[in-house]
>>> print(open('upload_3.cif').read())   # mmCIF, C-alpha atoms
data_work
#
loop_
_atom_site.group_PDB
_atom_site.id
_atom_site.type_symbol
_atom_site.label_atom_id
_atom_site.label_comp_id
_atom_site.auth_asym_id
_atom_site.auth_seq_id
_atom_site.Cartn_x
_atom_site.Cartn_y
_atom_site.Cartn_z
ATOM 1 C CA MET A 112 2.718 8.000 -38.148
ATOM 2 C CA TYR A 113 0.572 7.577 -35.027
ATOM 3 C CA LYS A 114 -1.057 4.444 -36.445
ATOM 4 C CA TYR A 115 2.429 3.048 -37.044
ATOM 5 C CA LEU A 116 3.427 3.726 -33.412
ATOM 6 C CA GLU A 117 0.200 2.164 -32.195
ATOM 7 C CA LYS A 118 0.940 -0.962 -34.243
ATOM 8 C CA LEU A 119 4.449 -1.143 -32.750
ATOM 9 C CA ILE A 120 3.082 -0.796 -29.212
ATOM 10 C CA ASN A 121 0.516 -3.517 -29.856
ATOM 11 C CA LYS A 122 3.227 -5.833 -31.231
ATOM 12 C CA ALA A 123 5.425 -5.164 -28.208
ATOM 13 C CA ASN A 124 2.515 -5.780 -25.838
ATOM 14 C CA LYS A 125 1.679 -9.032 -27.599
ATOM 15 C CA ALA A 126 5.303 -10.208 -27.494
ATOM 16 C CA MET A 127 5.468 -9.478 -23.774
ATOM 17 C CA GLY A 128 2.115 -11.011 -22.951
ATOM 18 C CA LYS A 129 0.277 -7.746 -22.405
ATOM 19 C CA GLU A 130 -2.186 -8.182 -25.229
ATOM 20 C CA LYS A 131 -5.028 -5.713 -25.333
ATOM 21 C CA ASP A 132 -7.807 -8.145 -26.143
ATOM 22 C CA SER A 133 -11.443 -7.650 -25.237
ATOM 23 C CA GLY A 134 -11.816 -11.431 -25.535
ATOM 24 C CA ALA A 135 -10.116 -11.748 -22.147
ATOM 25 C CA LYS A 136 -13.243 -10.409 -20.404
ATOM 26 C CA LEU A 137 -15.723 -13.066 -19.340
ATOM 27 C CA THR A 138 -19.230 -12.448 -18.126
ATOM 28 C CA THR A 139 -20.564 -14.345 -15.120
ATOM 29 C CA LYS A 140 -22.856 -16.237 -17.469
ATOM 30 C CA GLN A 141 -19.915 -17.313 -19.655
ATOM 31 C CA ARG A 142 -17.868 -18.438 -16.626
ATOM 32 C CA LYS A 143 -20.752 -20.515 -15.264
ATOM 33 C CA LYS A 144 -21.081 -22.338 -18.588
ATOM 34 C CA MET A 145 -17.417 -23.395 -18.552
ATOM 35 C CA LYS A 146 -16.320 -26.830 -17.378
ATOM 36 C CA ASP A 147 -14.359 -27.006 -14.131
ATOM 37 C CA SER A 148 -11.429 -28.397 -16.132
ATOM 38 C CA THR A 149 -11.141 -25.033 -17.947
ATOM 39 C CA PHE A 150 -9.911 -23.408 -14.726
ATOM 40 C CA CYS A 151 -6.413 -23.774 -13.286
ATOM 41 C CA GLY A 152 -6.861 -22.132 -9.896
ATOM 42 C CA PRO A 153 -8.829 -22.956 -6.768
ATOM 43 C CA GLY A 154 -12.442 -21.797 -6.680
ATOM 44 C CA ARG A 155 -12.692 -21.746 -10.471
ATOM 45 C CA SER A 156 -10.050 -19.035 -10.738
ATOM 46 C CA PHE A 157 -7.636 -18.553 -13.635
ATOM 47 C CA PRO A 158 -9.752 -19.688 -16.594
ATOM 48 C CA VAL A 159 -7.695 -20.775 -19.610
ATOM 49 C CA ASN A 160 -10.155 -21.205 -22.456
ATOM 50 C CA ASP A 161 -8.159 -19.327 -25.125
ATOM 51 C CA CYS A 162 -4.780 -17.674 -25.725
ATOM 52 C CA ALA A 163 -5.917 -14.315 -24.337
ATOM 53 C CA HIS A 164 -6.799 -15.981 -21.030
ATOM 54 C CA TYR A 165 -3.554 -17.973 -21.081
ATOM 55 C CA THR A 166 -1.637 -14.692 -21.339
ATOM 56 C CA ALA A 167 -3.788 -13.009 -18.699
ATOM 57 C CA ALA A 168 -3.390 -15.924 -16.283
ATOM 58 C CA LEU A 169 0.407 -15.858 -16.533
ATOM 59 C CA ARG A 170 0.489 -12.076 -16.174
ATOM 60 C CA LEU A 171 -1.840 -11.964 -13.161
ATOM 61 C CA LEU A 172 -0.573 -15.020 -11.309
ATOM 62 C CA ASN A 173 2.158 -13.168 -9.405
ATOM 63 C CA ARG A 174 -0.398 -10.636 -8.172
ATOM 64 C CA SER A 175 -2.483 -13.362 -6.546
ATOM 65 C CA LYS A 176 -2.243 -14.025 -2.829
ATOM 66 C CA PHE A 177 -1.935 -17.796 -3.196
ATOM 67 C CA SER A 178 1.023 -19.619 -1.643
ATOM 68 C CA ASP A 179 4.102 -20.244 -3.770
ATOM 69 C CA SER A 180 3.272 -23.944 -4.075
ATOM 70 C CA THR A 181 -0.282 -23.144 -5.254
ATOM 71 C CA LYS A 182 1.073 -20.591 -7.739
ATOM 72 C CA SER A 183 3.461 -23.224 -9.055
ATOM 73 C CA LYS A 184 0.597 -25.697 -9.616
ATOM 74 C CA ILE A 185 -1.509 -22.995 -11.306
ATOM 75 C CA ARG A 186 1.423 -21.951 -13.541
ATOM 76 C CA SER A 187 2.005 -25.580 -14.544
ATOM 77 C CA CYS A 188 -1.669 -26.018 -15.435
ATOM 78 C CA VAL A 189 -1.789 -22.715 -17.371
ATOM 79 C CA ASN A 190 1.376 -23.581 -19.331
ATOM 80 C CA SER A 191 0.036 -27.048 -20.133
ATOM 81 C CA LYS A 192 -3.273 -25.695 -21.427
ATOM 82 C CA GLY A 193 -1.511 -22.903 -23.333
ATOM 83 C CA LYS A 194 0.815 -25.382 -25.016
ATOM 84 C CA LYS A 195 -2.135 -27.561 -26.092
ATOM 85 C CA MET A 196 -3.835 -24.496 -27.632
ATOM 86 C CA GLY A 197 -0.648 -23.318 -29.350
ATOM 87 C CA CYS A 198 -0.369 -20.151 -27.296
ATOM 88 C CA GLY A 199 3.263 -19.214 -27.151
ATOM 89 C CA GLY A 200 3.835 -15.488 -27.674
ATOM 90 C CA ALA A 201 4.540 -14.796 -24.012
ATOM 91 C CA LYS A 202 6.686 -17.928 -23.710
ATOM 92 C CA LYS A 203 8.881 -16.887 -26.669
ATOM 93 C CA ALA A 204 9.315 -13.359 -25.335
ATOM 94 C CA LYS A 205 10.253 -14.678 -21.904
ATOM 95 C CA SER A 206 12.741 -17.104 -23.367
ATOM 96 C CA TYR A 207 14.490 -14.395 -25.403
ATOM 97 C CA VAL A 208 14.503 -11.863 -22.578
ATOM 98 C CA GLU A 209 15.819 -14.378 -20.074
ATOM 99 C CA THR A 210 18.472 -15.969 -22.277
ATOM 100 C CA GLU A 211 19.679 -12.968 -24.244
ATOM 101 C CA LEU A 212 19.237 -10.199 -21.690
ATOM 102 C CA GLY A 213 19.342 -12.146 -18.427
ATOM 103 C CA LEU A 214 16.151 -10.490 -17.169
ATOM 104 C CA ASP A 215 12.806 -11.802 -15.923
ATOM 105 C CA ILE A 216 10.036 -10.598 -18.268
ATOM 106 C CA ASN A 217 7.562 -10.309 -15.371
ATOM 107 C CA ASP A 218 9.909 -7.950 -13.525
ATOM 108 C CA ILE A 219 10.068 -5.770 -16.637
ATOM 109 C CA ILE A 220 6.339 -5.836 -17.389
ATOM 110 C CA ASN A 221 5.365 -5.116 -13.784
ATOM 111 C CA SER A 222 7.926 -2.318 -13.326
ATOM 112 C CA ASP A 223 6.844 1.272 -12.785
ATOM 113 C CA ILE A 224 9.093 2.526 -15.585
ATOM 114 C CA PHE A 225 7.515 0.119 -18.103
ATOM 115 C CA GLU A 226 4.014 1.288 -17.174
ATOM 116 C CA ALA A 227 5.099 4.952 -17.219
ATOM 117 C CA THR A 228 6.627 4.466 -20.669
ATOM 118 C CA ARG A 229 3.474 2.761 -21.964
ATOM 119 C CA THR A 230 1.375 5.603 -20.577
ATOM 120 C CA LEU A 231 3.614 8.267 -22.100
ATOM 121 C CA VAL A 232 3.659 6.570 -25.504
ATOM 122 C CA GLY A 233 -0.121 6.104 -25.353
ATOM 123 C CA GLU A 234 -0.575 9.793 -24.521
ATOM 124 C CA SER A 235 1.730 10.807 -27.357
ATOM 125 C CA ILE A 236 -0.355 8.743 -29.788
ATOM 126 C CA ASN A 237 -3.649 10.138 -28.523
ATOM 127 C CA THR A 238 -2.401 13.718 -28.121
ATOM 128 C CA PRO A 239 -0.342 14.861 -31.120
ATOM 129 C CA GLY A 240 2.234 17.428 -30.126
ATOM 130 C CA VAL A 241 2.745 16.206 -26.553
ATOM 131 C CA ASP A 242 6.264 17.097 -25.345
ATOM 132 C CA LEU A 243 8.226 13.901 -24.728
ATOM 133 C CA TYR A 244 11.363 15.709 -23.570
ATOM 134 C CA PRO A 245 11.952 17.635 -20.345
ATOM 135 C CA GLU A 246 11.985 21.407 -20.397
ATOM 136 C CA GLY A 247 15.218 22.708 -21.892
ATOM 137 C CA CYS A 248 16.092 19.490 -23.703
ATOM 138 C CA GLU A 249 17.323 20.154 -27.228
ATOM 139 C CA CYS A 250 18.752 16.757 -28.116
ATOM 140 C CA GLU A 251 15.483 14.983 -28.909
ATOM 141 C CA GLY A 252 16.852 11.760 -27.468
ATOM 142 C CA ASP A 253 20.277 11.796 -29.188
ATOM 143 C CA CYS A 254 22.535 11.416 -26.140
ATOM 144 C CA THR A 255 23.660 9.142 -23.312
ATOM 145 C CA CYS A 256 22.516 10.738 -20.027
ATOM 146 C CA GLU A 257 20.425 9.140 -17.298
ATOM 147 C CA LYS A 258 17.320 11.306 -17.848
ATOM 148 C CA PRO A 259 14.269 9.654 -19.398
ATOM 149 C CA CYS A 260 14.792 11.635 -22.607
ATOM 150 C CA GLY A 261 18.515 10.990 -22.706
ATOM 151 C CA CYS A 262 19.350 14.670 -23.199
ATOM 152 C CA GLY A 263 22.947 14.476 -21.961
ATOM 153 C CA GLU A 264 22.634 17.348 -19.516
#
>>> encode(input="upload_3.cif", output="C-alpha coordinates")
Amino acid sequence: MYKYLEKLINKANKAMGKEKDSGAKLTTKQRKKMKDSTFCGPGRSFPVNDCAHYTAALRLLNRSKFSDSTKSKIRSCVNSKGKKMGCGGAKKAKSYVETELGLDINDIINSDIFEATRTLVGESINTPGVDLYPEGCECEGDCTCEKPCGCGE
(Lines of atoms letter the chains of each structure in order from A and count residues from 1; the text may use other names and numbers.)
(Lines give C-alpha, C1' and ligand atoms only; values in the text may rest on other atoms or scores of the structure.)
Protein backbone atom coordinates (compact mmCIF):
# COMPACT_ATOMS: atom_id res chain seq x y z
CA MET A 1 0.00 0.00 0.00
CA TYR A 2 2.85 2.40 0.81
CA LYS A 3 4.40 1.89 -2.62
CA TYR A 4 1.02 2.75 -4.15
CA LEU A 5 0.84 6.00 -2.13
CA GLU A 6 4.40 6.85 -3.10
CA LYS A 7 3.51 6.37 -6.77
CA LEU A 8 0.48 8.66 -6.37
CA ILE A 9 2.59 11.34 -4.69
CA ASN A 10 5.19 11.13 -7.44
CA LYS A 11 2.48 11.45 -10.11
CA ALA A 12 0.99 14.45 -8.34
CA ASN A 13 4.42 16.06 -7.99
CA LYS A 14 5.14 15.49 -11.67
CA ALA A 15 1.77 16.93 -12.72
CA MET A 16 2.41 20.03 -10.62
CA GLY A 17 5.99 20.49 -11.71
CA LYS A 18 7.58 19.30 -8.48
CA GLU A 19 9.35 16.31 -9.97
CA LYS A 20 11.83 14.58 -7.73
CA ASP A 21 14.57 14.06 -10.28
CA SER A 22 18.25 13.77 -9.47
CA GLY A 23 18.91 14.81 -13.08
CA ALA A 24 18.09 18.38 -12.07
CA LYS A 25 21.39 18.65 -10.16
CA LEU A 26 24.30 19.96 -12.20
CA THR A 27 27.91 19.93 -11.16
CA THR A 28 30.09 22.98 -11.75
CA LYS A 29 31.94 21.01 -14.40
CA GLN A 30 28.69 20.20 -16.24
CA ARG A 31 27.53 23.84 -16.11
CA LYS A 32 30.84 25.10 -17.50
CA LYS A 33 30.56 22.72 -20.46
CA MET A 34 27.13 24.08 -21.43
CA LYS A 35 26.68 26.68 -24.15
CA ASP A 36 25.56 30.14 -23.07
CA SER A 37 22.39 29.61 -25.13
CA THR A 38 21.36 26.81 -22.72
CA PHE A 39 20.76 29.40 -19.98
CA CYS A 40 17.75 31.70 -19.77
CA GLY A 41 18.81 34.01 -16.95
CA PRO A 42 21.53 36.61 -16.51
CA GLY A 43 24.93 35.35 -15.40
CA ARG A 44 24.28 31.88 -16.81
CA SER A 45 21.40 31.30 -14.41
CA PHE A 46 18.34 29.14 -15.08
CA PRO A 47 19.81 26.39 -17.26
CA VAL A 48 17.22 24.62 -19.43
CA ASN A 49 18.98 21.61 -20.92
CA ASP A 50 16.24 19.03 -20.21
CA CYS A 51 12.67 18.74 -18.92
CA ALA A 52 13.77 18.44 -15.28
CA HIS A 53 15.55 21.79 -15.55
CA TYR A 54 12.60 23.31 -17.41
CA THR A 55 10.36 22.34 -14.49
CA ALA A 56 12.89 23.53 -11.91
CA ALA A 57 13.36 26.88 -13.68
CA LEU A 58 9.62 27.59 -13.72
CA ARG A 59 9.25 26.52 -10.09
CA LEU A 60 12.19 28.59 -8.82
CA LEU A 61 11.70 31.70 -10.94
CA ASN A 62 9.32 33.40 -8.50
CA ARG A 63 11.83 32.91 -5.68
CA SER A 64 14.50 34.85 -7.57
CA LYS A 65 15.19 38.48 -6.76
CA PHE A 66 15.18 39.63 -10.38
CA SER A 67 12.86 42.44 -11.47
CA ASP A 68 9.45 41.55 -12.87
CA SER A 69 10.54 42.45 -16.40
CA THR A 70 13.63 40.20 -16.11
CA LYS A 71 11.49 37.37 -14.71
CA SER A 72 9.13 37.78 -17.65
CA LYS A 73 12.01 37.47 -20.14
CA ILE A 74 13.39 34.42 -18.30
CA ARG A 75 9.93 32.78 -18.19
CA SER A 76 9.49 33.38 -21.93
CA CYS A 77 12.88 31.82 -22.67
CA VAL A 78 12.22 28.83 -20.37
CA ASN A 79 8.79 28.20 -21.92
CA SER A 80 10.24 28.44 -25.43
CA LYS A 81 13.00 25.94 -24.68
CA GLY A 82 10.58 23.65 -22.83
CA LYS A 83 8.18 23.65 -25.77
CA LYS A 84 11.00 22.75 -28.19
CA MET A 85 11.98 19.81 -25.95
CA GLY A 86 8.38 18.64 -25.53
CA CYS A 87 8.28 19.37 -21.82
CA GLY A 88 4.71 20.07 -20.90
CA GLY A 89 3.67 18.37 -17.66
CA ALA A 90 3.77 21.56 -15.62
CA LYS A 91 2.07 23.53 -18.39
CA LYS A 92 -0.84 21.06 -18.57
CA ALA A 93 -1.30 21.05 -14.80
CA LYS A 94 -1.28 24.84 -14.70
CA SER A 95 -3.79 25.06 -17.51
CA TYR A 96 -6.22 22.68 -15.79
CA VAL A 97 -5.82 24.27 -12.37
CA GLU A 98 -6.26 27.77 -13.73
CA THR A 99 -9.19 27.07 -16.05
CA GLU A 100 -11.11 24.50 -14.04
CA LEU A 101 -10.36 25.64 -10.50
CA GLY A 102 -9.51 29.31 -11.04
CA LEU A 103 -6.29 29.01 -9.03
CA ASP A 104 -2.63 29.76 -9.75
CA ILE A 105 -0.62 26.52 -9.54
CA ASN A 106 2.42 28.37 -8.16
CA ASP A 107 0.35 29.74 -5.27
CA ILE A 108 -0.74 26.19 -4.46
CA ILE A 109 2.69 24.60 -4.80
CA ASN A 110 4.41 27.31 -2.75
CA SER A 111 1.76 27.32 0.01
CA ASP A 112 2.58 26.20 3.53
CA ILE A 113 -0.37 23.80 3.61
CA PHE A 114 0.81 22.05 0.42
CA GLU A 115 4.29 21.56 1.86
CA ALA A 116 2.87 20.43 5.23
CA THR A 117 0.64 17.92 3.45
CA ARG A 118 3.56 16.59 1.38
CA THR A 119 5.63 16.25 4.54
CA LEU A 120 2.85 14.46 6.41
CA VAL A 121 2.18 12.06 3.54
CA GLY A 122 5.92 11.42 3.17
CA GLU A 123 6.19 10.67 6.90
CA SER A 124 3.19 8.35 6.74
CA ILE A 125 4.85 6.41 3.90
CA ASN A 126 8.19 6.19 5.68
CA THR A 127 6.73 5.54 9.14
CA PRO A 128 3.92 2.96 9.04
CA GLY A 129 1.41 3.54 11.79
CA VAL A 130 1.87 7.32 12.03
CA ASP A 131 -1.34 8.95 13.31
CA LEU A 132 -2.78 11.19 10.60
CA TYR A 133 -5.72 12.34 12.71
CA PRO A 134 -5.73 14.66 15.73
CA GLU A 135 -6.15 13.22 19.19
CA GLY A 136 -9.75 12.22 19.81
CA CYS A 137 -10.70 12.02 16.14
CA GLU A 138 -12.78 8.93 15.40
CA CYS A 139 -14.04 9.76 11.92
CA GLU A 140 -10.88 8.89 9.98
CA GLY A 141 -11.55 11.72 7.56
CA ASP A 142 -15.27 11.03 6.93
CA CYS A 143 -16.71 14.47 7.74
CA THR A 144 -16.92 18.13 6.73
CA CYS A 145 -15.20 20.18 9.47
CA GLU A 146 -12.38 22.68 9.04
CA LYS A 147 -9.72 20.60 10.83
CA PRO A 148 -6.97 19.06 8.72
CA CYS A 149 -8.42 15.59 9.31
CA GLY A 150 -11.98 16.68 8.68
CA CYS A 151 -13.26 15.08 11.88
CA GLY A 152 -16.44 17.17 12.17
CA GLU A 153 -15.85 18.21 15.77
>>> atom_distance(input="upload_3.cif", atom1="atom CA of A:Ser156", atom2="atom CA of A:Ile185")
9.4 Å
>>> atom_distance(input="upload_3.cif", atom1="atom CA of A:Leu171", atom2="atom CA of A:Thr149")
16.7 Å
>>> residues_around(input="upload_3.cif", residues="A:Phe150", least_positions_apart="4", cutoff="10 Å", atoms="all atoms listed in the file", output="list in words")
Arg142, Met145, Lys146, Gly154, Arg155, Ser156, Phe157, Pro158, Val159, Asn160, Ile185, Cys188, Val189 and Lys192 of chain A
>>> atom_distance(input="upload_3.cif", atom1="atom CA of A:Arg170", atom2="atom CA of A:Ser235")
25.5 Å
>>> resolve_selection(input="upload_3.cif", expression="the PyMOL selection byres ((chain A and resi 193) around 10)", output="number ranges by chain")
A: 159-166, 169, 187-192, 194-199, 202
>>> closest_residue(input="upload_3.cif", among="A:Asn217, A:Asn237, A:Thr230, A:Thr138", to="A:Leu172", atoms="only C-alpha atoms")
A:Asn217
